[in-house]
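K.L.:
What follows is run-v9.pdb, made up of PDB, C-alpha atoms and all ligand atoms:
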ATOM      1  CA  MET O 222      28.568  26.994  12.049  1.00  0.00           C
ATOM      2  CA  LYS O 223      26.913  23.666  12.900  1.00  0.00           C
ATOM      3  CA  ASP O 224      24.198  23.705  15.542  1.00  0.00           C
ATOM      4  CA  HIS O 225      23.624  20.702  17.788  1.00  0.00           C
ATOM      5  CA  LEU O 226      20.799  19.463  15.531  1.00  0.00           C
ATOM      6  CA  GLU O 227      23.063  19.331  12.506  1.00  0.00           C
ATOM      7  CA  GLU O 228      25.786  17.754  14.594  1.00  0.00           C
ATOM      8  CA  PHE O 229      23.356  15.064  15.703  1.00  0.00           C
ATOM      9  CA  LEU O 230      22.291  14.438  12.105  1.00  0.00           C
ATOM     10  CA  ASP O 231      25.915  13.901  11.083  1.00  0.00           C
ATOM     11  CA  LEU O 232      26.613  11.484  13.913  1.00  0.00           C
ATOM     12  CA  SER O 233      23.407   9.442  14.054  1.00  0.00           C
ATOM     13  CA  GLN O 234      22.647   6.267  12.082  1.00  0.00           C
ATOM     14  CA  ASP O 235      19.019   6.215  13.189  1.00  0.00           C
ATOM     15  CA  PRO O 236      16.502   8.559  11.533  1.00  0.00           C
ATOM     16  CA  PHE O 237      13.922   8.040  14.299  1.00  0.00           C
ATOM     17  CA  ASP O 238      16.415   9.473  16.787  1.00  0.00           C
ATOM     18  CA  VAL O 239      17.184  12.420  14.516  1.00  0.00           C
ATOM     19  CA  PHE O 240      13.483  13.099  14.015  1.00  0.00           C
ATOM     20  CA  ARG O 241      12.822  12.946  17.763  1.00  0.00           C
ATOM     21  CA  VAL O 242      15.625  15.401  18.566  1.00  0.00           C
ATOM     22  CA  TRP O 243      14.711  17.836  15.781  1.00  0.00           C
ATOM     23  CA  TYR O 244      10.992  17.662  16.583  1.00  0.00           C
ATOM     24  CA  SER O 245      11.498  18.336  20.275  1.00  0.00           C
ATOM     25  CA  GLU O 246      13.583  21.398  19.353  1.00  0.00           C
ATOM     26  CA  ALA O 247      10.837  22.595  16.969  1.00  0.00           C
ATOM     27  CA  GLN O 248       8.293  22.152  19.783  1.00  0.00           C
ATOM     28  CA  LYS O 249      10.174  24.776  21.790  1.00  0.00           C
ATOM     29  CA  THR O 250      10.150  27.404  19.056  1.00  0.00           C
ATOM     30  CA  GLU O 251       7.344  26.765  16.548  1.00  0.00           C
ATOM     31  CA  GLU O 252       3.703  27.735  16.996  1.00  0.00           C
ATOM     32  CA  ILE O 253       2.426  24.578  15.245  1.00  0.00           C
ATOM     33  CA  PRO O 254       5.421  22.214  14.955  1.00  0.00           C
ATOM     34  CA  SER O 255       3.085  19.263  14.351  1.00  0.00           C
ATOM     35  CA  ALA O 256       1.726  20.664  11.064  1.00  0.00           C
ATOM     36  CA  MET O 257       2.782  18.424   8.209  1.00  0.00           C
ATOM     37  CA  ALA O 258       1.916  18.567   4.522  1.00  0.00           C
ATOM     38  CA  LEU O 259       0.467  15.172   3.660  1.00  0.00           C
ATOM     39  CA  SER O 260       0.669  14.086   0.053  1.00  0.00           C
ATOM     40  CA  THR O 261      -1.401  11.279  -1.434  1.00  0.00           C
ATOM     41  CA  VAL O 262      -2.044   9.967  -4.927  1.00  0.00           C
ATOM     42  CA  GLY O 263      -5.391  11.275  -6.171  1.00  0.00           C
ATOM     43  CA  VAL O 264      -7.978   8.909  -7.623  1.00  0.00           C
ATOM     44  CA  ASP O 265      -7.244  10.584 -10.982  1.00  0.00           C
ATOM     45  CA  GLY O 266      -3.587   9.532 -10.610  1.00  0.00           C
ATOM     46  CA  ASN O 267      -2.387  13.074  -9.943  1.00  0.00           C
ATOM     47  CA  PRO O 268      -0.789  14.203  -6.659  1.00  0.00           C
ATOM     48  CA  ASN O 269      -2.868  15.701  -3.862  1.00  0.00           C
ATOM     49  CA  ILE O 270      -1.791  17.498  -0.698  1.00  0.00           C
ATOM     50  CA  ARG O 271      -3.075  19.126   2.508  1.00  0.00           C
ATOM     51  CA  PHE O 272      -1.862  19.825   6.043  1.00  0.00           C
ATOM     52  CA  VAL O 273      -2.680  17.538   8.960  1.00  0.00           C
ATOM     53  CA  LEU O 274      -1.405  17.462  12.535  1.00  0.00           C
ATOM     54  CA  LEU O 275       1.039  14.889  13.810  1.00  0.00           C
ATOM     55  CA  LYS O 276      -0.485  13.571  17.043  1.00  0.00           C
ATOM     56  CA  ASP O 277       1.846  10.816  18.044  1.00  0.00           C
ATOM     57  CA  PHE O 278       5.223   9.534  17.000  1.00  0.00           C
ATOM     58  CA  ASP O 279       7.377   6.523  17.871  1.00  0.00           C
ATOM     59  CA  ARG O 280       9.184   3.675  16.101  1.00  0.00           C
ATOM     60  CA  ASN O 281       5.839   2.281  14.933  1.00  0.00           C
ATOM     61  CA  GLY O 282       5.275   5.430  12.931  1.00  0.00           C
ATOM     62  CA  LEU O 283       3.617   8.823  12.725  1.00  0.00           C
ATOM     63  CA  THR O 284      -0.052   9.058  13.670  1.00  0.00           C
ATOM     64  CA  PHE O 285      -2.622  11.576  12.463  1.00  0.00           C
ATOM     65  CA  TYR O 286      -6.416  11.632  12.722  1.00  0.00           C
ATOM     66  CA  THR O 287      -9.024  12.350  10.123  1.00  0.00           C
ATOM     67  CA  ASN O 288     -12.303  11.357   8.529  1.00  0.00           C
ATOM     68  CA  TYR O 289     -11.877   8.028   6.721  1.00  0.00           C
ATOM     69  CA  LYS O 290     -14.525   9.104   4.186  1.00  0.00           C
ATOM     70  CA  SER O 291     -12.659  12.303   3.255  1.00  0.00           C
ATOM     71  CA  VAL O 292     -10.839  12.696  -0.035  1.00  0.00           C
ATOM     72  CA  LYS O 293      -7.538  11.716   1.605  1.00  0.00           C
ATOM     73  CA  GLY O 294      -9.240   8.702   3.232  1.00  0.00           C
ATOM     74  CA  ARG O 295     -10.485   7.470  -0.120  1.00  0.00           C
ATOM     75  CA  GLU O 296      -7.116   8.101  -1.736  1.00  0.00           C
ATOM     76  CA  ILE O 297      -5.274   6.179   0.990  1.00  0.00           C
ATOM     77  CA  GLU O 298      -7.763   3.328   0.613  1.00  0.00           C
ATOM     78  CA  ARG O 299      -6.669   3.019  -3.005  1.00  0.00           C
ATOM     79  CA  ILE O 300      -2.927   3.657  -2.676  1.00  0.00           C
ATOM     80  CA  SER O 301      -1.655   3.172   0.872  1.00  0.00           C
ATOM     81  CA  PHE O 302       1.575   5.069   0.409  1.00  0.00           C
ATOM     82  CA  VAL O 303       2.051   8.722   1.346  1.00  0.00           C
ATOM     83  CA  ALA O 304       4.663  11.440   1.742  1.00  0.00           C
ATOM     84  CA  VAL O 305       4.766  14.112   4.438  1.00  0.00           C
ATOM     85  CA  ALA O 306       6.910  17.216   4.814  1.00  0.00           C
ATOM     86  CA  PHE O 307       7.603  19.490   7.777  1.00  0.00           C
ATOM     87  CA  TRP O 308       9.179  22.939   7.534  1.00  0.00           C
ATOM     88  CA  TRP O 309      10.303  24.457  10.840  1.00  0.00           C
ATOM     89  CA  ASN O 310      11.220  28.042  10.012  1.00  0.00           C
ATOM     90  CA  SER O 311      12.537  28.932  13.460  1.00  0.00           C
ATOM     91  CA  ILE O 312      15.256  26.287  13.220  1.00  0.00           C
ATOM     92  CA  LYS O 313      15.549  26.308   9.415  1.00  0.00           C
ATOM     93  CA  LYS O 314      15.026  22.576   9.028  1.00  0.00           C
ATOM     94  CA  GLN O 315      12.942  20.474   6.638  1.00  0.00           C
ATOM     95  CA  VAL O 316      12.028  16.829   7.110  1.00  0.00           C
ATOM     96  CA  LYS O 317      10.454  14.661   4.439  1.00  0.00           C
ATOM     97  CA  ILE O 318       9.126  11.173   5.123  1.00  0.00           C
ATOM     98  CA  ARG O 319       7.703   8.607   2.680  1.00  0.00           C
ATOM     99  CA  GLY O 320       6.081   5.402   3.727  1.00  0.00           C
ATOM    100  CA  SER O 321       3.150   3.057   3.829  1.00  0.00           C
ATOM    101  CA  VAL O 322       0.074   4.007   5.824  1.00  0.00           C
ATOM    102  CA  TYR O 323      -2.564   2.000   7.622  1.00  0.00           C
ATOM    103  CA  LYS O 324      -5.577   2.556   9.896  1.00  0.00           C
ATOM    104  CA  ILE O 325      -4.849   2.253  13.615  1.00  0.00           C
ATOM    105  CA  SER O 326      -7.151   0.065  15.718  1.00  0.00           C
ATOM    106  CA  PRO O 327     -10.662   1.361  16.550  1.00  0.00           C
ATOM    107  CA  GLU O 328      -9.720   1.060  20.247  1.00  0.00           C
ATOM    108  CA  GLU O 329      -6.775   3.404  19.831  1.00  0.00           C
ATOM    109  CA  SER O 330      -8.867   5.902  17.845  1.00  0.00           C
ATOM    110  CA  GLU O 331     -11.490   5.682  20.573  1.00  0.00           C
ATOM    111  CA  VAL O 332      -9.034   6.666  23.298  1.00  0.00           C
ATOM    112  CA  TYR O 333      -7.791   9.666  21.350  1.00  0.00           C
ATOM    113  CA  PHE O 334     -11.301  10.765  20.307  1.00  0.00           C
ATOM    114  CA  HIS O 335     -12.437  10.919  23.915  1.00  0.00           C
ATOM    115  CA  SER O 336      -9.394  12.973  24.908  1.00  0.00           C
ATOM    116  CA  ARG O 337     -10.431  15.738  22.487  1.00  0.00           C
ATOM    117  CA  PRO O 338     -12.430  18.849  23.457  1.00  0.00           C
ATOM    118  CA  ARG O 339     -16.191  18.254  23.306  1.00  0.00           C
ATOM    119  CA  GLU O 340     -16.622  20.776  20.456  1.00  0.00           C
ATOM    120  CA  ALA O 341     -14.103  18.867  18.339  1.00  0.00           C
ATOM    121  CA  GLN O 342     -15.986  15.634  19.017  1.00  0.00           C
ATOM    122  CA  ILE O 343     -19.280  17.218  17.918  1.00  0.00           C
ATOM    123  CA  ALA O 344     -17.580  18.742  14.858  1.00  0.00           C
ATOM    124  CA  ALA O 345     -16.486  15.245  13.790  1.00  0.00           C
ATOM    125  CA  TRP O 346     -20.199  14.365  13.514  1.00  0.00           C
ATOM    126  CA  ALA O 347     -21.251  17.677  11.948  1.00  0.00           C
ATOM    127  CA  SER O 348     -18.642  17.760   9.197  1.00  0.00           C
ATOM    128  CA  GLU O 349     -18.865  15.290   6.328  1.00  0.00           C
ATOM    129  CA  GLN O 350     -15.285  16.116   5.519  1.00  0.00           C
ATOM    130  CA  SER O 351     -14.607  17.033   1.873  1.00  0.00           C
ATOM    131  CA  ALA O 352     -18.297  16.786   0.879  1.00  0.00           C
ATOM    132  CA  PRO O 353     -19.890  19.906  -0.666  1.00  0.00           C
ATOM    133  CA  ILE O 354     -22.202  21.870   1.648  1.00  0.00           C
ATOM    134  CA  GLU O 355     -24.750  24.528   0.721  1.00  0.00           C
ATOM    135  CA  SER O 356     -23.263  27.252   2.915  1.00  0.00           C
ATOM    136  CA  TYR O 357     -21.156  27.811   6.020  1.00  0.00           C
ATOM    137  CA  ALA O 358     -24.405  28.554   7.885  1.00  0.00           C
ATOM    138  CA  GLU O 359     -25.563  25.025   7.038  1.00  0.00           C
ATOM    139  CA  LEU O 360     -22.425  23.610   8.684  1.00  0.00           C
ATOM    140  CA  LEU O 361     -23.166  25.637  11.831  1.00  0.00           C
ATOM    141  CA  ARG O 362     -26.752  24.388  11.764  1.00  0.00           C
ATOM    142  CA  ARG O 363     -25.536  20.784  11.644  1.00  0.00           C
ATOM    143  CA  PHE O 364     -23.112  21.458  14.500  1.00  0.00           C
ATOM    144  CA  GLU O 365     -25.974  22.860  16.594  1.00  0.00           C
ATOM    145  CA  MET O 366     -28.170  19.861  15.723  1.00  0.00           C
ATOM    146  CA  PHE O 367     -25.536  17.366  16.932  1.00  0.00           C
ATOM    147  CA  ARG O 368     -24.774  19.504  19.969  1.00  0.00           C
ATOM    148  CA  LYS O 369     -28.429  19.175  21.024  1.00  0.00           C
ATOM    149  CA  GLN O 370     -28.541  15.478  20.144  1.00  0.00           C
ATOM    150  CA  PHE O 371     -25.630  14.726  22.482  1.00  0.00           C
ATOM    151  CA  GLU O 372     -26.634  17.119  25.267  1.00  0.00           C
ATOM    152  CA  ASN O 373     -25.805  15.621  28.683  1.00  0.00           C
ATOM    153  CA  LYS O 374     -24.352  12.525  26.993  1.00  0.00           C
ATOM    154  CA  ASP O 375     -20.922  11.307  26.028  1.00  0.00           C
ATOM    155  CA  VAL O 376     -20.246  12.008  22.365  1.00  0.00           C
ATOM    156  CA  PRO O 377     -19.529   8.656  20.686  1.00  0.00           C
ATOM    157  CA  ARG O 378     -16.767   8.372  18.104  1.00  0.00           C
ATOM    158  CA  PRO O 379     -18.167   8.393  14.574  1.00  0.00           C
ATOM    159  CA  PRO O 380     -17.188   5.041  13.015  1.00  0.00           C
ATOM    160  CA  HIS O 381     -15.687   6.874  10.026  1.00  0.00           C
ATOM    161  CA  TRP O 382     -13.362   8.998  12.178  1.00  0.00           C
ATOM    162  CA  GLY O 383      -9.998   7.686  13.318  1.00  0.00           C
ATOM    163  CA  GLY O 384      -6.268   7.521  12.993  1.00  0.00           C
ATOM    164  CA  TYR O 385      -3.762   6.530  10.372  1.00  0.00           C
ATOM    165  CA  ARG O 386      -0.169   5.567  11.052  1.00  0.00           C
ATOM    166  CA  ILE O 387       2.621   6.143   8.560  1.00  0.00           C
ATOM    167  CA  LEU O 388       5.408   3.590   8.677  1.00  0.00           C
ATOM    168  CA  PRO O 389       8.475   5.381   7.247  1.00  0.00           C
ATOM    169  CA  GLN O 390      10.447   3.753   4.448  1.00  0.00           C
ATOM    170  CA  GLU O 391      12.651   6.792   4.077  1.00  0.00           C
ATOM    171  CA  PHE O 392      13.448  10.003   5.915  1.00  0.00           C
ATOM    172  CA  GLU O 393      15.176  12.999   4.400  1.00  0.00           C
ATOM    173  CA  PHE O 394      16.577  15.739   6.621  1.00  0.00           C
ATOM    174  CA  LEU O 395      17.535  19.127   5.212  1.00  0.00           C
ATOM    175  CA  VAL O 396      19.542  21.814   6.979  1.00  0.00           C
ATOM    176  CA  TYR O 397      18.707  25.096   5.255  1.00  0.00           C
ATOM    177  CA  THR O 398      21.635  27.455   4.725  1.00  0.00           C
ATOM    178  CA  GLN O 399      21.859  31.047   3.434  1.00  0.00           C
ATOM    179  CA  VAL O 400      24.425  30.107   0.797  1.00  0.00           C
ATOM    180  CA  ARG O 401      22.079  27.489  -0.679  1.00  0.00           C
ATOM    181  CA  LEU O 402      24.493  24.694   0.080  1.00  0.00           C
ATOM    182  CA  HIS O 403      21.809  23.002   2.111  1.00  0.00           C
ATOM    183  CA  LYS O 404      22.804  19.792   3.755  1.00  0.00           C
ATOM    184  CA  ARG O 405      20.523  16.896   2.716  1.00  0.00           C
ATOM    185  CA  VAL O 406      20.707  13.492   4.320  1.00  0.00           C
ATOM    186  CA  LEU O 407      18.576  10.585   3.171  1.00  0.00           C
ATOM    187  CA  PHE O 408      17.956   7.472   5.251  1.00  0.00           C
ATOM    188  CA  GLU O 409      16.628   4.465   3.328  1.00  0.00           C
ATOM    189  CA  ARG O 410      15.209   1.552   5.251  1.00  0.00           C
ATOM    190  CA  GLN O 411      17.114  -1.688   4.655  1.00  0.00           C
ATOM    191  CA  ASP O 412      15.162  -3.808   7.124  1.00  0.00           C
ATOM    192  CA  GLU O 413      13.332  -3.481  10.457  1.00  0.00           C
ATOM    193  CA  SER O 414      16.075  -1.460  12.159  1.00  0.00           C
ATOM    194  CA  LEU O 415      18.858  -0.979   9.616  1.00  0.00           C
ATOM    195  CA  TRP O 416      19.071   2.217   7.582  1.00  0.00           C
ATOM    196  CA  ARG O 417      21.340   3.305   4.737  1.00  0.00           C
ATOM    197  CA  LYS O 418      22.510   6.887   5.153  1.00  0.00           C
ATOM    198  CA  ILE O 419      23.292   8.930   2.035  1.00  0.00           C
ATOM    199  CA  TYR O 420      24.297  12.588   1.603  1.00  0.00           C
ATOM    200  CA  LEU O 421      22.531  14.266  -1.338  1.00  0.00           C
ATOM    201  CA  CYS O 422      23.422  17.335  -3.379  1.00  0.00           C
ATOM    202  CA  PRO O 423      21.078  20.174  -2.550  1.00  0.00           C
TER
HETATM  203  C1  LIG B 501      -2.532  23.486  10.279  1.00  0.00           C
HETATM  204  C2  LIG B 501      -3.644  22.564   9.809  1.00  0.00           C
HETATM  205  C3  LIG B 501      -3.840  21.360  10.454  1.00  0.00           C
HETATM  206  C4  LIG B 501      -4.834  20.475  10.019  1.00  0.00           C
HETATM  207  N1  LIG B 501      -4.957  19.287  10.655  1.00  0.00           N
HETATM  208  C5  LIG B 501      -5.849  18.373  10.192  1.00  0.00           C
HETATM  209  C6  LIG B 501      -5.899  17.070  10.757  1.00  0.00           C
HETATM  210  O1  LIG B 501      -5.136  16.717  11.685  1.00  0.00           O
HETATM  211  N2  LIG B 501      -6.825  16.201  10.252  1.00  0.00           N
HETATM  212  C7  LIG B 501      -7.649  16.544   9.233  1.00  0.00           C
HETATM  213  O2  LIG B 501      -8.460  15.706   8.826  1.00  0.00           O
HETATM  214  N3  LIG B 501      -7.606  17.764   8.650  1.00  0.00           N
HETATM  215  C8  LIG B 501      -6.719  18.684   9.100  1.00  0.00           C
HETATM  216  N4  LIG B 501      -6.647  19.932   8.521  1.00  0.00           N
HETATM  217  C9  LIG B 501      -7.537  20.224   7.367  1.00  0.00           C
HETATM  218  C10 LIG B 501      -6.902  19.597   6.107  1.00  0.00           C
HETATM  219  O3  LIG B 501      -5.836  20.408   5.646  1.00  0.00           O
HETATM  220  C11 LIG B 501      -7.904  19.389   4.955  1.00  0.00           C
HETATM  221  O4  LIG B 501      -8.508  20.594   4.598  1.00  0.00           O
HETATM  222  C12 LIG B 501      -8.990  18.361   5.315  1.00  0.00           C
HETATM  223  O5  LIG B 501      -8.478  17.282   6.069  1.00  0.00           O
HETATM  224  C13 LIG B 501      -9.658  17.805   4.062  1.00  0.00           C
HETATM  225  O6  LIG B 501      -8.669  17.210   3.240  1.00  0.00           O
HETATM  226  P1  LIG B 501      -9.049  16.206   2.057  1.00  0.00           P
HETATM  227  O7  LIG B 501     -10.274  16.763   1.371  1.00  0.00           O
HETATM  228  O8  LIG B 501      -7.848  16.222   1.147  1.00  0.00           O
HETATM  229  O9  LIG B 501      -9.315  14.860   2.665  1.00  0.00           O
HETATM  230  C14 LIG B 501      -5.665  20.828   8.932  1.00  0.00           C
HETATM  231  C15 LIG B 501      -5.460  22.066   8.287  1.00  0.00           C
HETATM  232  C16 LIG B 501      -4.472  22.915   8.722  1.00  0.00           C
HETATM  233  C17 LIG B 501      -4.277  24.237   7.997  1.00  0.00           C
END
Rewrite the coordinates I just gave you, this time as structure tokens.

P.N.:
Amino acid sequence: MKDHLEEFLDLSQDPFDVFRVWYSEAQKTEEIPSAMALSTVGVDGNPNIRFVLLKDFDRNGLTFYTNYKSVKGREIERISFVAVAFWWNSIKKQVKIRGSVYKISPEESEVYFHSRPREAQIAAWASEQSAPIESYAELLRRFEMFRKQFENKDVPRPPHWGGYRILPQEFEFLVYTQVRLHKRVLFERQDESLWRKIYLCP
């Protein structure tokens, strides 16, 4: 039997609307609905992947935050095209998005950085993301060092920490079914606001 999310997928011509409706349903039932597997092309030409958190979403794209000097940051610098996938087990839905990716403005990163808990702000200074470190204790030592350095002060945003926005070129929605006749619907961008909708074999 179709649920209202599947019904909406069948009726809609706009993948942003479908994503918004599905995501808001996932937010009611999933512990971390914003977790998305982010795939990049490695500097060796092979695929790479890790989870990041979706922080913001509208027609301009999907925003996540990270360290620009991390492995993913360097990979995006080289090939500014990524894929992300969500799996929401509680509603048995998968969403895949592919698109170009760009850095958001420093001002926008600034606003988000200062909305974060103080510990997370200090951690952004302490962690040279993806760089080797002698031990976990060394990471804690660095955290403590920056905590002291910023005592009684605002923690500034590290210049290498900020947001990326993914501008979708295609969305694929999958309704998972027990009988393995999953419903897959691909939306391909034709221009700014026109999408081609295609049903795919599972
Ligand atoms: C659920 C979850 C959410 C995460 N969210 C983020 C995130 O929003 N930004 C981030 O930089 N790393 C996040 N991480 C850590 C990344 O998965 C990854 O380990 C880190 O960014 C380094 O990746 P890289 O070496 O490929 O650049 C998250 C990990 C998990 C398990």

K.L.:
Running the PyMOL selection byres (((not hetatm)) within 7 of (chain B and resi 501)) on this model by hand, what would come out? Give it as a PyMOL selection string.

P.N.:
chain O and resi 256+270-275+285-288+291-294+350-351

K.L.:
Tell me, in Å to one decimal, how far CA of Leu226 (chain O) is from CA of Thr261 (chain O).

P.N.:
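Distance between the two atoms: 29.1 Å.
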
K.L.:
Any idea what the distance is between CA of Trp309 (chain O) and CA of Thr398 (chain O)?

P.N.:
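Between these atoms lies a distance of 13.2 Å.
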
K.L.:
Assuming the chain letters and numbering stay as they are in my file, what does the PyMOL selection byres (((chain O and resi 235) around 10) and not hetatm) actually select? List them as a PyMOL selection string.

P.N.:
chain O and resi 230+232-234+236-240+392+408+410+414-418

K.L.:
Run the PyMOL selection byres (((chain O and resi 404) around 10) and not hetatm) mentally over the shown coordinates, then write out the matched residues as a PyMOL selection string, using the chain letters and numbers from the document.

P.N.:
chain O and resi 227+230-231+314+394-398+401-403+405-406+420-423

K.L.:
Would you export the selected residues with C-alpha atoms as a CSV table (one decimal), in the frame of the given file, please?

P.N.:
chain,number,residue,atom,x,y,z
O,227,GLU,CA,23.1,19.3,12.5
O,230,LEU,CA,22.3,14.4,12.1
O,231,ASP,CA,25.9,13.9,11.1
O,314,LYS,CA,15.0,22.6,9.0
O,394,PHE,CA,16.6,15.7,6.6
O,395,LEU,CA,17.5,19.1,5.2
O,396,VAL,CA,19.5,21.8,7.0
O,397,TYR,CA,18.7,25.1,5.3
O,398,THR,CA,21.6,27.5,4.7
O,401,ARG,CA,22.1,27.5,-0.7
O,402,LEU,CA,24.5,24.7,0.1
O,403,HIS,CA,21.8,23.0,2.1
O,405,ARG,CA,20.5,16.9,2.7
O,406,VAL,CA,20.7,13.5,4.3
O,420,TYR,CA,24.3,12.6,1.6
O,421,LEU,CA,22.5,14.3,-1.3
O,422,CYS,CA,23.4,17.3,-3.4
O,423,PRO,CA,21.1,20.2,-2.6

K.L.:
For a test of reading the model, state the distance in Å between CA of Ile354 (chain O) and CA of Phe367 (chain O), rounded to one decimal.

P.N.:
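Computing the Euclidean distance for CA of Ile354 (chain O) and CA of Phe367 (chain O) yields 16.3 Å.
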
K.L.:
So which one's closest to Asn269 (chain O), O:Leu360, O:Ile325, O:Arg378, O:Val305? Using all atoms listed in the file, please.

P.N.:
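Ranking O:Leu360, O:Ile325, O:Arg378, O:Val305 by distance to Asn269 (chain O), first place goes to O:Val305.
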
K.L.:
Between O:Leu283, O:Val242, O:Met222, O:Ile419, which residue has the minimum interatomic distance to Ser255 (chain O), considering all atoms listed in the file?

P.N.:
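Result for the nearest residue to Ser255 (chain O): O:Leu283.
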
K.L.:
Because some atoms of region 243-257 of chain O are absent here, can you restore N, CA and C atoms and send them as a CSV table (one decimal), in the coordinates of the input?

P.N.:
chain,number,residue,atom,x,y,z
O,243,TRP,N,15.1,16.6,16.5
O,243,TRP,CA,14.7,17.8,15.8
O,243,TRP,C,13.3,18.3,16.2
O,244,TYR,N,12.4,17.3,16.3
O,244,TYR,CA,11.0,17.7,16.6
O,244,TYR,C,10.9,18.3,18.0
O,245,SER,N,11.6,17.8,18.9
O,245,SER,CA,11.5,18.3,20.3
O,245,SER,C,12.1,19.7,20.3
O,246,GLU,N,13.1,20.0,19.5
O,246,GLU,CA,13.6,21.4,19.4
O,246,GLU,C,12.5,22.3,18.7
O,247,ALA,N,11.9,21.8,17.6
O,247,ALA,CA,10.8,22.6,17.0
O,247,ALA,C,9.7,22.9,17.9
O,248,GLN,N,9.4,22.0,18.8
O,248,GLN,CA,8.3,22.2,19.8
O,248,GLN,C,8.6,23.3,20.7
O,249,LYS,N,9.8,23.6,20.9
O,249,LYS,CA,10.2,24.8,21.8
O,249,LYS,C,10.0,26.1,21.1
O,250,THR,N,10.1,26.1,19.8
O,250,THR,CA,10.2,27.4,19.1
O,250,THR,C,9.0,27.7,18.0
O,251,GLU,N,8.4,26.6,17.6
O,251,GLU,CA,7.3,26.8,16.5
O,251,GLU,C,5.9,26.9,17.2
O,252,GLU,N,5.1,27.6,16.5
O,252,GLU,CA,3.7,27.7,17.0
O,252,GLU,C,3.0,26.4,16.8
O,253,ILE,N,3.1,25.9,15.6
O,253,ILE,CA,2.4,24.6,15.2
O,253,ILE,C,3.5,23.6,14.7
O,254,PRO,N,4.4,23.1,15.5
O,254,PRO,CA,5.4,22.2,15.0
O,254,PRO,C,4.9,20.9,14.4
O,255,SER,N,3.7,20.5,14.8
O,255,SER,CA,3.1,19.3,14.4
O,255,SER,C,2.4,19.3,13.0
O,256,ALA,N,2.4,20.5,12.4
O,256,ALA,CA,1.7,20.7,11.1
O,256,ALA,C,2.6,20.0,10.0
O,257,MET,N,2.0,19.1,9.3
O,257,MET,CA,2.8,18.4,8.2
O,257,MET,C,1.9,18.4,6.9
